[in-house]
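K.L.:
Okay, so here is target_14.txt, and as you'll see once you scroll down, it has compact mmCIF, C-alpha atoms.
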# COMPACT_ATOMS: atom_id res chain seq x y z
CA MET K 165 0.00 0.00 0.00
CA ILE K 166 2.80 2.40 0.97
CA LEU K 167 4.75 1.36 -2.15
CA THR K 168 1.84 2.04 -4.51
CA GLN K 169 1.57 5.58 -3.09
CA ALA K 170 5.35 6.24 -2.96
CA ILE K 171 6.26 5.12 -6.50
CA PRO K 172 4.17 7.78 -8.35
CA LEU K 173 5.51 10.49 -5.99
CA LEU K 174 9.11 9.38 -6.62
CA LEU K 175 8.48 9.26 -10.38
CA GLN K 176 6.98 12.75 -10.27
CA ALA K 177 9.97 14.10 -8.28
CA SER K 178 12.54 12.55 -10.63
CA SER K 179 10.67 13.86 -13.68
CA GLN K 180 10.82 17.39 -12.18
CA ARG K 181 14.54 17.02 -11.56
CA LEU K 182 15.13 15.81 -15.11
CA THR K 183 13.23 18.79 -16.55
CA ALA K 184 15.22 21.17 -14.33
CA ALA K 185 18.52 19.57 -15.44
CA ILE K 186 17.58 19.86 -19.14
CA ILE K 187 16.68 23.54 -18.69
CA ALA K 188 20.00 24.10 -16.84
CA LEU K 189 21.96 22.45 -19.68
CA ALA K 190 20.14 24.56 -22.29
CA LEU K 191 21.00 27.70 -20.30
CA ALA K 192 24.66 26.61 -20.04
CA LEU K 193 24.72 26.09 -23.82
CA LEU K 194 23.32 29.58 -24.35
CA ILE K 195 25.89 31.13 -21.97
CA ALA K 196 28.75 29.32 -23.78
CA LEU K 197 27.47 30.43 -27.22
CA ILE K 198 27.06 34.08 -26.16
CA SER K 199 30.51 34.10 -24.51
CA VAL K 200 32.43 32.72 -27.53
CA SER K 201 30.42 34.92 -29.91
CA GLY K 202 31.57 37.93 -27.86
CA MET K 203 35.19 36.75 -28.09
CA LYS K 204 34.82 36.23 -31.86
CA ALA K 205 33.31 39.69 -32.34
CA LYS K 206 36.44 41.22 -30.76
CA LEU K 207 38.43 40.03 -33.80
CA LYS K 208 36.37 42.27 -36.11
CA SER K 209 37.11 45.98 -36.08
CA VAL K 210 36.45 46.94 -39.72
CA LYS K 211 32.96 48.30 -40.26
CA LYS K 212 31.20 50.67 -42.63
CA GLU K 213 30.44 54.19 -41.38
CA ARG K 214 26.77 54.93 -42.09
CA THR K 215 26.66 58.58 -41.14
CA ALA K 216 28.67 61.79 -41.37
CA ASN K 217 27.78 62.82 -37.81
CA GLN K 218 31.43 63.38 -36.91
CA TYR K 219 31.72 66.04 -39.60
CA VAL K 220 28.69 68.17 -38.67
CA ARG K 221 29.82 71.78 -38.14
CA GLN K 222 29.30 72.71 -34.48
CA GLY K 223 26.17 74.82 -33.96
CA SER K 224 25.21 74.80 -37.64
CA MET K 225 21.77 73.22 -37.17
CA ASN K 226 19.20 75.83 -38.18
CA LEU K 227 15.52 74.96 -37.92
CA ARG K 228 13.95 77.45 -40.34
CA SER K 229 10.31 76.40 -40.01
CA GLN K 230 8.42 73.86 -37.98
CA SER K 231 4.81 72.98 -37.31
CA ASP K 232 2.99 70.22 -35.49
CA LEU K 233 -0.52 70.07 -36.86
CA PHE K 234 -3.29 68.09 -35.15
CA LEU K 235 -5.32 66.30 -37.82
CA HIS K 236 -7.82 63.93 -36.30
CA ARG K 237 -8.54 61.55 -33.49
CA ASN K 238 -9.79 57.96 -33.38
CA VAL K 239 -11.12 56.17 -30.34
CA THR K 240 -11.47 52.41 -30.30
CA ARG K 241 -12.87 50.34 -27.46
CA SER K 242 -12.75 46.67 -26.61
CA PRO K 243 -14.75 44.84 -23.92
CA ARG K 244 -12.82 44.08 -20.74
CA ALA K 245 -12.24 40.38 -20.05
CA ALA K 246 -14.88 39.17 -17.58
CA LYS K 247 -13.47 38.09 -14.18
CA THR K 248 -13.91 34.35 -13.67
CA ASP K 249 -14.85 33.13 -10.25
CA SER K 250 -12.29 30.46 -9.31
CA ARG K 251 -14.16 29.38 -6.19
CA GLY K 252 -16.68 27.42 -8.33
CA MET R 291 -15.27 78.86 -58.83
CA ALA R 292 -13.12 75.88 -57.96
CA LEU R 293 -14.60 73.16 -55.80
CA ILE R 294 -12.28 72.30 -52.92
CA GLU R 295 -12.27 68.63 -52.04
CA TYR R 296 -10.62 67.40 -48.87
CA LYS R 297 -9.51 63.83 -48.44
CA CYS R 298 -9.45 62.05 -45.11
CA PRO R 299 -5.79 61.73 -44.02
CA ASN R 300 -6.70 58.50 -42.25
CA CYS R 301 -8.43 56.49 -45.03
CA GLY R 302 -8.19 58.73 -48.14
CA GLY R 303 -11.97 58.95 -48.64
CA PRO R 304 -13.58 62.26 -49.72
CA ILE R 305 -15.07 64.29 -46.86
CA ASN R 306 -17.51 67.18 -46.88
CA TYR R 307 -18.01 70.13 -44.59
CA GLU R 308 -20.81 69.70 -42.10
CA PRO R 309 -22.62 73.09 -41.85
CA GLY R 310 -22.74 74.67 -38.41
CA THR R 311 -19.64 72.93 -37.02
CA ARG R 312 -15.84 73.43 -37.03
CA ASP R 313 -15.23 69.71 -37.36
CA MET R 314 -15.53 67.35 -40.28
CA VAL R 315 -16.41 63.71 -39.87
CA CYS R 316 -15.23 61.14 -42.38
CA PRO R 317 -18.26 59.08 -43.45
CA TYR R 318 -16.02 56.08 -44.17
CA CYS R 319 -13.83 55.71 -41.04
CA ASP R 320 -15.59 58.05 -38.54
CA SER R 321 -12.44 60.11 -37.94
CA THR R 322 -13.12 63.58 -36.54
CA LEU R 323 -11.15 66.17 -38.46
CA ASP R 324 -10.43 69.79 -37.63
CA LEU R 325 -11.23 72.11 -40.56
CA GLU R 326 -8.42 74.61 -39.89
CA ALA R 327 -5.88 71.81 -39.52
CA LEU R 328 -6.91 70.28 -42.84
CA LYS R 329 -6.61 73.62 -44.62
CA ALA R 330 -3.18 74.30 -43.06
CA MET R 331 -1.93 70.88 -44.11
CA ASP R 332 -3.20 71.46 -47.63
CA ASP R 333 -1.28 74.78 -47.77
CA LEU R 334 1.89 73.11 -46.49
CA LEU R 335 1.75 70.38 -49.11
CA ALA R 336 0.88 72.84 -51.91
CA ASN R 337 3.97 75.00 -51.14
CA ASP R 338 6.26 72.04 -50.76
CA GLN R 339 7.85 71.27 -54.11
CA GLU R 340 10.38 68.49 -54.77
CA THR R 341 13.74 69.90 -53.65
CA GLU R 342 16.04 66.87 -53.73
CA SER R 343 19.35 67.98 -55.23
CA LEU R 344 22.69 66.29 -54.67
CA ASP R 345 25.03 67.79 -57.25
CA TRP R 346 28.74 68.44 -56.77
CA GLN R 347 31.46 70.14 -58.79
CA TYR R 348 35.22 69.87 -58.55
CA ALA R 349 37.75 71.76 -60.64
CA GLY R 350 40.98 70.70 -58.94
CA GLN R 351 44.36 72.33 -59.19
CA ASN R 352 47.39 71.37 -61.25
CA TRP R 353 50.97 70.85 -60.12
CA GLN R 354 53.23 73.86 -60.05
CA ALA R 355 56.36 73.95 -62.21
CA GLY R 356 59.14 71.80 -60.81
CA GLU R 357 57.02 70.14 -58.11
CA GLU R 358 56.75 66.84 -59.97
CA ALA R 359 60.50 66.60 -60.52
CA GLY R 360 62.09 63.84 -58.45
CA MET R 361 58.79 61.99 -57.92
CA ALA R 362 58.03 58.60 -59.43
CA VAL R 363 55.09 56.21 -59.61
CA TYR R 364 55.58 52.68 -58.29
CA ALA R 365 53.11 50.03 -59.36
CA CYS R 366 52.42 46.65 -57.78
CA ASN R 367 51.91 43.86 -60.31
CA SER R 368 50.13 41.77 -57.71
CA CYS R 369 47.33 44.01 -56.35
CA GLY R 370 47.51 46.90 -58.84
CA GLY R 371 48.24 49.47 -56.11
CA GLU R 372 50.06 52.62 -57.24
CA ILE R 373 52.15 54.73 -54.92
CA ILE R 374 54.04 57.94 -55.37
CA GLY R 375 57.50 58.09 -53.88
CA ASP R 376 60.89 59.68 -54.19
CA GLU R 377 62.71 58.75 -57.43
CA THR R 378 65.58 57.40 -55.36
CA LEU R 379 63.35 54.94 -53.48
CA GLY R 380 64.29 52.06 -55.81
CA ALA R 381 62.65 48.67 -55.40
CA THR R 382 60.45 48.28 -52.35
CA THR R 383 57.49 46.26 -51.05
CA CYS R 384 53.85 47.11 -51.66
CA PRO R 385 52.24 48.58 -48.50
CA PHE R 386 48.91 46.98 -49.45
CA CYS R 387 49.86 43.37 -50.13
CA GLY R 388 53.54 43.01 -49.22
CA ASN R 389 54.69 42.05 -52.74
CA ARG R 390 57.81 43.50 -54.29
CA ILE R 391 57.26 46.55 -56.50
CA VAL R 392 59.57 48.53 -58.75
CA ILE R 393 59.57 52.01 -60.23
CA SER R 394 57.11 52.12 -63.09
CA SER R 395 57.18 55.63 -64.50
CA LYS R 396 58.03 59.24 -63.84
CA PHE R 397 55.26 60.94 -61.92
CA SER R 398 52.92 62.88 -64.18
CA GLY R 399 49.28 63.81 -64.53
CA ALA R 400 46.74 63.53 -61.73
CA LEU R 401 45.73 66.51 -59.68
CA ARG R 402 47.77 68.25 -57.05
CA PRO R 403 46.41 67.64 -53.55
CA ASP R 404 44.82 70.69 -51.90
CA LEU R 405 45.52 69.64 -48.33
CA VAL R 406 47.65 67.25 -46.35
CA VAL R 407 47.28 66.13 -42.74
CA PRO R 408 50.85 65.45 -41.64
CA PHE R 409 51.78 62.29 -39.71
CA LYS R 410 51.65 62.91 -35.95
CA LEU R 411 52.54 59.39 -34.84
CA ASN R 412 55.70 57.51 -35.73
CA LYS R 413 56.42 53.90 -36.60
CA GLN R 414 57.19 52.88 -32.98
CA GLU R 415 53.79 54.20 -31.87
CA ALA R 416 52.17 52.26 -34.71
CA LEU R 417 53.92 49.05 -33.61
CA ALA R 418 52.82 49.63 -30.00
CA ALA R 419 49.23 50.16 -31.20
CA LEU R 420 49.37 46.87 -33.10
CA GLU R 421 50.52 45.06 -29.94
CA ARG R 422 47.58 46.59 -28.08
CA HIS R 423 45.29 45.51 -30.95
CA TYR R 424 46.38 41.87 -30.39
CA ALA R 425 46.03 42.09 -26.59
CA GLY R 426 42.99 40.49 -24.95
CA LYS R 427 41.96 38.59 -28.11
CA LYS R 428 41.52 35.06 -26.75
CA LEU R 429 40.59 33.57 -30.14
CA LEU R 430 43.55 35.04 -32.06
CA PRO R 431 45.87 32.23 -33.24
CA LYS R 432 49.03 32.23 -31.11
CA VAL R 433 51.19 31.59 -34.21
CA PHE R 434 49.79 34.73 -35.85
CA ARG R 435 50.60 36.81 -32.78
CA ASP R 436 54.14 35.40 -32.51
CA LYS R 437 55.14 35.28 -36.17
CA ASN R 438 53.73 38.56 -37.45
CA HIS R 439 55.86 40.76 -39.68
CA LEU R 440 56.07 43.91 -37.62
CA ASP R 441 58.92 45.29 -39.75
CA GLU R 442 56.61 45.54 -42.78
CA ILE R 443 54.75 48.57 -41.44
CA LYS R 444 54.72 51.59 -43.80
CA GLY R 445 53.52 55.16 -43.56
CA VAL R 446 51.25 56.00 -46.49
CA TYR R 447 49.49 59.21 -47.40
CA VAL R 448 46.13 57.91 -48.63
CA PRO R 449 44.19 60.07 -51.12
CA PHE R 450 40.78 61.22 -49.91
CA TRP R 451 38.12 63.48 -51.35
CA LEU R 452 36.75 65.83 -48.70
CA PHE R 453 33.18 67.01 -49.19
CA ASP R 454 31.84 70.25 -47.65
CA ALA R 455 28.16 71.08 -48.00
CA THR R 456 25.14 72.62 -46.37
CA ALA R 457 22.21 70.22 -46.38
CA ASP R 458 18.88 71.97 -46.91
CA VAL R 459 16.28 69.64 -45.42
CA LYS R 460 12.51 69.65 -45.91
CA ALA R 461 10.72 66.90 -44.07
CA GLU R 462 7.13 65.83 -43.42
CA TYR R 463 6.23 63.20 -40.86
CA GLY R 464 3.08 61.42 -39.78
CA ALA R 465 2.99 61.19 -35.99
CA THR R 466 0.61 59.78 -33.39
CA LYS R 467 -0.06 60.18 -29.69
CA VAL R 468 -1.78 57.27 -27.98
CA ARG R 469 -3.80 57.51 -24.75
CA ARG R 470 -5.36 54.50 -23.02
CA TRP R 471 -7.96 54.26 -20.23
CA SER R 472 -10.65 51.89 -19.00
CA ASP R 473 -14.03 51.92 -17.34
CA SER R 474 -15.89 49.00 -15.79
CA SER R 475 -16.88 47.54 -19.19
CA TYR R 476 -14.35 48.65 -21.82
CA ASN R 477 -10.69 49.39 -22.55
CA TYR R 478 -10.32 52.56 -24.66
CA THR R 479 -7.50 53.58 -26.99
CA GLU R 480 -7.44 57.11 -28.33
CA THR R 481 -5.04 57.77 -31.20
CA SER R 482 -4.42 61.39 -32.16
CA HIS R 483 -2.87 61.93 -35.59
CA TYR R 484 -0.54 64.83 -36.41
CA HIS R 485 1.14 66.17 -39.50
CA VAL R 486 4.64 67.36 -38.55
CA HIS R 487 6.68 69.67 -40.75
CA ARG R 488 10.37 70.56 -40.34
CA ALA R 489 12.64 72.61 -42.61
CA GLY R 490 16.12 73.94 -42.07
CA ASP R 491 19.77 73.37 -42.77
CA LEU R 492 22.81 71.64 -41.39
CA ALA R 493 26.46 72.16 -42.45
CA PHE R 494 29.09 69.47 -42.96
CA ASP R 495 32.85 69.98 -43.15
CA HIS R 496 35.30 67.60 -44.80
CA VAL R 497 33.27 64.38 -45.06
CA PRO R 498 35.97 62.00 -46.33
CA ALA R 499 35.69 59.42 -49.12
CA ASP R 500 38.55 57.08 -49.97
CA GLY R 501 40.09 57.91 -53.37
CA SER R 502 42.25 54.80 -53.59
CA GLN R 503 41.14 51.60 -55.23
CA ALA R 504 43.95 49.55 -53.65
CA ILE R 505 42.70 50.20 -50.11
CA ASP R 506 39.38 48.88 -48.92
CA ASP R 507 36.86 51.75 -48.40
CA THR R 508 35.43 50.10 -45.28
CA LEU R 509 38.91 49.80 -43.74
CA MET R 510 39.46 53.53 -44.28
CA GLU R 511 36.03 54.44 -42.87
CA SER R 512 36.85 52.39 -39.76
CA LEU R 513 39.85 54.68 -39.16
CA GLU R 514 37.73 57.80 -38.87
CA PRO R 515 37.55 60.46 -37.65
CA PHE R 516 40.36 62.45 -39.23
CA HIS R 517 40.66 65.94 -37.72
CA THR R 518 41.06 67.96 -40.87
CA ASP R 519 41.22 71.24 -38.93
CA GLU R 520 44.89 70.26 -38.52
CA ALA R 521 45.34 70.00 -42.30
CA VAL R 522 47.84 72.26 -44.01
CA ASP R 523 48.33 73.33 -47.63
CA PHE R 524 50.03 70.59 -49.60
CA GLN R 525 53.80 70.72 -49.99
CA THR R 526 55.85 67.90 -51.53
CA ALA R 527 58.18 68.14 -48.50
CA TYR R 528 55.54 66.33 -46.41
CA LEU R 529 56.00 63.21 -48.56
CA ALA R 530 59.63 62.77 -47.53
CA GLY R 531 60.07 59.42 -45.80
CA TYR R 532 56.53 58.25 -46.59
CA PHE R 533 54.66 56.76 -49.50
CA ALA R 534 51.78 58.58 -51.12
CA ASN R 535 49.08 56.63 -52.85
CA LYS R 536 48.00 58.21 -56.12
CA TYR R 537 44.23 58.68 -56.38
CA ASP R 538 42.61 56.33 -58.88
CA VAL R 539 38.98 56.79 -57.84
CA SER R 540 37.61 60.09 -59.15
CA ALA R 541 35.66 62.57 -57.02
CA GLU R 542 32.60 61.85 -59.21
CA ALA R 543 32.77 58.17 -58.29
CA CYS R 544 32.69 59.15 -54.59
CA TYR R 545 29.61 61.42 -54.85
CA PRO R 546 27.10 58.63 -54.02
CA ARG R 547 28.98 57.60 -50.87
CA ALA R 548 29.36 61.19 -49.60
CA ASN R 549 25.71 61.95 -50.42
CA GLU R 550 24.51 58.81 -48.63
CA ARG R 551 26.35 59.70 -45.42
CA ILE R 552 25.32 63.38 -45.46
CA GLN R 553 21.69 62.46 -46.21
CA THR R 554 21.55 59.88 -43.41
CA SER R 555 22.95 62.34 -40.85
CA SER R 556 20.71 65.21 -42.01
CA LYS R 557 17.57 63.09 -41.87
CA GLN R 558 18.54 61.77 -38.42
CA ALA R 559 19.18 65.28 -37.08
CA PHE R 560 15.78 66.61 -38.22
CA ARG R 561 13.96 63.45 -37.17
CA ASN R 562 15.41 63.97 -33.66
CA THR R 563 13.60 67.34 -33.41
CA VAL R 564 10.21 65.56 -33.58
CA LYS R 565 9.59 64.74 -29.93
CA GLY R 566 6.72 63.84 -27.61
CA TYR R 567 4.93 61.37 -29.91
CA SER R 568 4.16 57.66 -29.53
CA SER R 569 5.18 57.00 -33.13
CA VAL R 570 6.75 59.03 -35.94
CA SER R 571 7.05 57.90 -39.53
CA PRO R 572 8.66 59.98 -42.28
CA LYS R 573 6.36 60.73 -45.21
CA ARG R 574 8.89 62.76 -47.13
CA GLU R 575 12.49 63.81 -46.45
CA ASP R 576 14.15 65.93 -49.14
CA VAL R 577 17.81 66.90 -48.87
CA ALA R 578 19.29 69.50 -51.21
CA LEU R 579 22.99 70.33 -51.00
CA THR R 580 24.18 73.92 -51.28
CA ASP R 581 27.58 75.64 -50.79
CA ASN R 582 29.25 72.50 -52.13
CA LYS R 583 33.01 72.26 -52.10
CA ILE R 584 35.35 69.35 -52.77
CA GLN R 585 38.98 69.18 -51.78
CA TYR R 586 41.60 66.60 -52.58
CA ALA R 587 43.60 65.67 -49.48
CA LEU R 588 46.27 63.24 -48.41
CA LEU R 589 45.60 61.71 -45.00
CA PRO R 590 48.19 59.84 -42.91
CA VAL R 591 47.79 56.08 -42.47
CA TRP R 592 50.21 53.45 -41.19
CA LEU R 593 49.66 50.19 -43.08
CA LEU R 594 50.75 46.68 -42.20
CA SER R 595 50.21 43.86 -44.59
CA THR R 596 50.83 40.33 -43.45
CA SER R 597 49.73 36.93 -44.70
CA TRP R 598 48.71 33.87 -42.73
CA GLU R 599 47.51 30.50 -44.04
CA GLY R 600 47.16 31.90 -47.58
CA ASN R 601 45.09 34.94 -46.59
CA ASN R 602 46.27 38.53 -46.63
CA TYR R 603 45.59 40.64 -43.53
CA LEU R 604 45.83 44.41 -43.82
CA PHE R 605 45.89 46.55 -40.68
CA ALA R 606 45.67 50.30 -40.75
CA MET R 607 46.38 52.94 -38.12
CA ASN R 608 45.20 56.53 -38.29
CA GLY R 609 48.54 58.40 -38.36
CA GLN R 610 46.92 61.35 -36.61
CA THR R 611 44.77 59.82 -33.83
CA GLY R 612 46.40 56.39 -33.35
CA LYS R 613 43.18 54.42 -33.94
CA LEU R 614 44.15 51.00 -35.30
CA VAL R 615 41.79 48.65 -37.13
CA GLY R 616 42.03 45.38 -39.01
CA ASP R 617 40.14 42.11 -38.84
CA LEU R 618 42.04 39.27 -37.20
CA PRO R 619 41.93 35.54 -38.03
CA LEU R 620 39.97 33.11 -35.87
CA ASP R 621 41.64 30.16 -34.15
CA LYS R 622 38.92 27.50 -34.55
CA LYS R 623 40.58 25.16 -32.05
CA ALA R 624 40.62 27.92 -29.43
CA TYR R 625 36.99 28.73 -30.29
CA TRP R 626 35.76 25.20 -29.53
CA SER R 627 38.12 24.82 -26.57
CA TRP R 628 36.66 27.99 -24.95
CA PHE R 629 33.13 26.89 -25.89
CA PHE R 630 33.43 23.52 -24.11
CA ARG R 631 35.25 25.02 -21.11
CA ILE R 632 32.52 27.62 -20.54
CA PHE R 633 29.76 25.10 -21.28
CA GLY R 634 31.30 22.60 -18.80
CA ILE R 635 31.65 25.10 -15.95
CA ALA R 636 28.21 26.65 -16.56
CA SER R 637 26.61 23.17 -16.77
CA VAL R 638 28.05 22.01 -13.43
CA ILE R 639 26.93 25.18 -11.62
CA LEU R 640 23.47 25.42 -13.21
CA VAL R 641 22.62 21.69 -12.94
CA ALA R 642 23.63 21.69 -9.26
CA LEU R 643 21.49 24.78 -8.65
CA SER R 644 18.54 23.29 -10.56
CA GLN R 645 18.65 20.11 -8.48
CA LEU R 646 18.66 22.12 -5.25
CA LEU R 647 15.68 24.16 -6.41
CA ALA R 648 13.76 21.09 -7.71
CA ARG R 649 13.71 19.41 -4.29
Since I need it in another form, could you write the structure as structure tokens?

P.N.:
Amino acid sequence: MILTQAIPLLLQASSQRLTAAIIALALALLIALISVSGMKAKLKSVKKERTANQYVRQGSMNLRSQSDLFLHRNVTRSPRAAKTDSRG
Amino acid sequence: MALIEYKCPNCGGPINYEPGTRDMVCPYCDSTLDLEALKAMDDLLANDQETESLDWQYAGQNWQAGEEAGMAVYACNSCGGEIIGDETLGATTCPFCGNRIVISSKFSGALRPDLVVPFKLNKQEALAALERHYAGKKLLPKVFRDKNHLDEIKGVYVPFWLFDATADVKAEYGATKVRRWSDSSYNYTETSHYHVHRAGDLAFDHVPADGSQAIDDTLMESLEPFHTDEAVDFQTAYLAGYFANKYDVSAEACYPRANERIQTSSKQAFRNTVKGYSSVSPKREDVALTDNKIQYALLPVWLLSTSWEGNNYLFAMNGQTGKLVGDLPLDKKAYWSWFFRIFGIASVILVALSQLLAR
């Protein structure tokens, strides 16, 4: 009688441990991949320059005209999710 | 009398004025529209003509009498690189690929550089920078680090085209502000739509573009910035002891690259003035360049070419700022060794932790 109750509990506990170990191994794999990718990225220092920001003349930005014009407004509504009573 | 028709900026459907109100309601999407705002937007769009213009002009200057005497062109038969040097230089090695090159012809033709940024850093400082470049790279092959050819480093004046311009920007954006609230029955989302207009100008000085075919454009862009405020008028005396690469990419060929960089920066700068919205999307961004000026300059670069396992590796150091760049080879053995070491340690720690928590 005790055995029939204990075996499912033991099986459940070992299944939880196995799941936890698999998740831990997946995390370790991710950490290792991110770490070596970071090391590999350090070998690359040649990259295209997209902008000319470093060559902007100091204080040369002149905003001649600007306007922020309100056009229209939309309102949408959706029903709130009804609270379910968990007490049955 | 002309009939004015307004279109809904939300769905594009025609809308009519509702007598007795200041608002207009779109019969198709139910958007509420302000009459004054619609009229103002119409005026803005009517006055806004296409202004995109990205033209450049360069006349260049010729060599003065006697300046070309004593200078010769050296050509590399391997990579095609051409350098200008003293006539007495004799046979030497190519700074781009390390192959042996010999004098090819007396220097002639090409334009005289307008400016030169003299070398500020010497060979020893370049070698020290290369050592620092290798430091801390765990996946760099040890053999590469130990057997590199540090004595091959050469000071080269690289030809650049420098672009000056004022970017005249006219931009229109669609922007929204979103507000959310709830009552006992519903969740509400209110989206307010705006038409944002910005116009103005922004000046650029000396945006560089590599004028040498032998050197990779991306490698040169990685060396930036060059502080061209320290540039001086070109004198052949600055070439003494260094190589000078002769330009073989015309200014015209560099226009698209210079335009692309100036346009990107101009658009970014004006986009950054549109603040306080939940979303902003550009509807139109025109950039016209005025006050254009192009100068031909020689900029100082230390170059090191070395080969390893059949591949050529070219490193470059900014001879003014000391910034050194160059992609390094990957040691695959070290890569996997580090991968398994980190994986092993992380696995032991995380599995032990997981078993403690799963109890």

K.L.:
If you measure from atom CA of Tyr528 of chain R to atom CA of Cys369 of chain R, what distance in Å do you get, rounded to one decimal?

P.N.:
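Computing the Euclidean distance for atom CA of Tyr528 of chain R and atom CA of Cys369 of chain R yields 25.8 Å.
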
K.L.:
Find the distance between atom CA of Tyr532 of chain R and atom CA of Gly501 of chain R and write it in Å to one decimal.

P.N.:
17.8 Å

K.L.:
Which residues come within 7 Å of Leu193 of chain K, counting all atoms listed in the file, excluding same-chain residues fewer than 4 positions away, as a VMD selection string?

P.N.:
(chain K and resid 189 197) or (chain R and resid 633)

K.L.:
Which residues of chain K are close to chain R, meaning at most 6 Å apart when you count only C-alpha atoms, and how do they look as a PyMOL selection string?

P.N.:
chain K and resi 181+184-185+188-189+192-193+196+207-217+219-221+224-244

K.L.:
Might you pull out every residue within 8 Å of Pro408 of chain R, with only C-alpha atoms counted and same-chain residues fewer than 4 positions away left off, and present them as JSON, numbers by chain?

P.N.:
{"R": [521, 522, 528, 589, 590, 610]}

K.L.:
Please provide the set of residues having any atom within 7 Å of Lys444 of chain R, restricted to all atoms listed in the file, with same-chain residues fewer than 5 positions apart removed, written as a VMD selection string.

P.N.:
chain R and resid 385 592 to 594

K.L.:
Could you work out how far atom CA of Phe450 of chain R lies from atom CA of Leu405 of chain R, giving the answer in Å with one decimal?

P.N.:
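According to the coordinates, atom CA of Leu405 of chain R and atom CA of Phe450 of chain R are separated by 9.8 Å.
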
K.L.:
Around the point (50.6, 55.4, -38.7) in the file's coordinates, collect all residues with an atom within 10 Å, using all atoms listed in the file, and return them as a PyMOL selection string.

P.N.:
chain R and resi 409-417+419+443-447+590-594+606-614

K.L.:
Neighbouring residues of Asp404 of chain R were defined as those with any atom within 9 Å, considering only C-alpha atoms; residues of the same chain fewer than 6 positions away were excluded. Please report them as a list in words.

P.N.:
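My list of contacting residues is Gly350, Gln351, Val522, Asp523, Phe524, Gln585, Tyr586, Ala587 and Leu588 of chain R.
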
K.L.:
Write the selection just made, keeping C-alpha atoms, as a PDB file, keeping the file's coordinate frame?

P.N.:
ATOM      1  CA  GLY R 350      40.980  70.700 -58.940  1.00  0.00           C
ATOM      2  CA  GLN R 351      44.360  72.330 -59.190  1.00  0.00           C
ATOM      3  CA  VAL R 522      47.840  72.260 -44.010  1.00  0.00           C
ATOM      4  CA  ASP R 523      48.330  73.330 -47.630  1.00  0.00           C
ATOM      5  CA  PHE R 524      50.030  70.590 -49.600  1.00  0.00           C
ATOM      6  CA  GLN R 585      38.980  69.180 -51.780  1.00  0.00           C
ATOM      7  CA  TYR R 586      41.600  66.600 -52.580  1.00  0.00           C
ATOM      8  CA  ALA R 587      43.600  65.670 -49.480  1.00  0.00           C
ATOM      9  CA  LEU R 588      46.270  63.240 -48.410  1.00  0.00           C
TER      10      LEU R 588
END

K.L.:
Using 5 Å of padding on each side, determine the axis-aligned box around all atoms of segment 508-523 of chain R present in the file and give its centre and edge lengths in Å to one decimal, as lines of an AutoDock Vina configuration file.

P.N.:
center_x = 41.9
center_y = 61.6
center_z = -42.6
size_x = 22.9
size_y = 33.5
size_z = 20.0
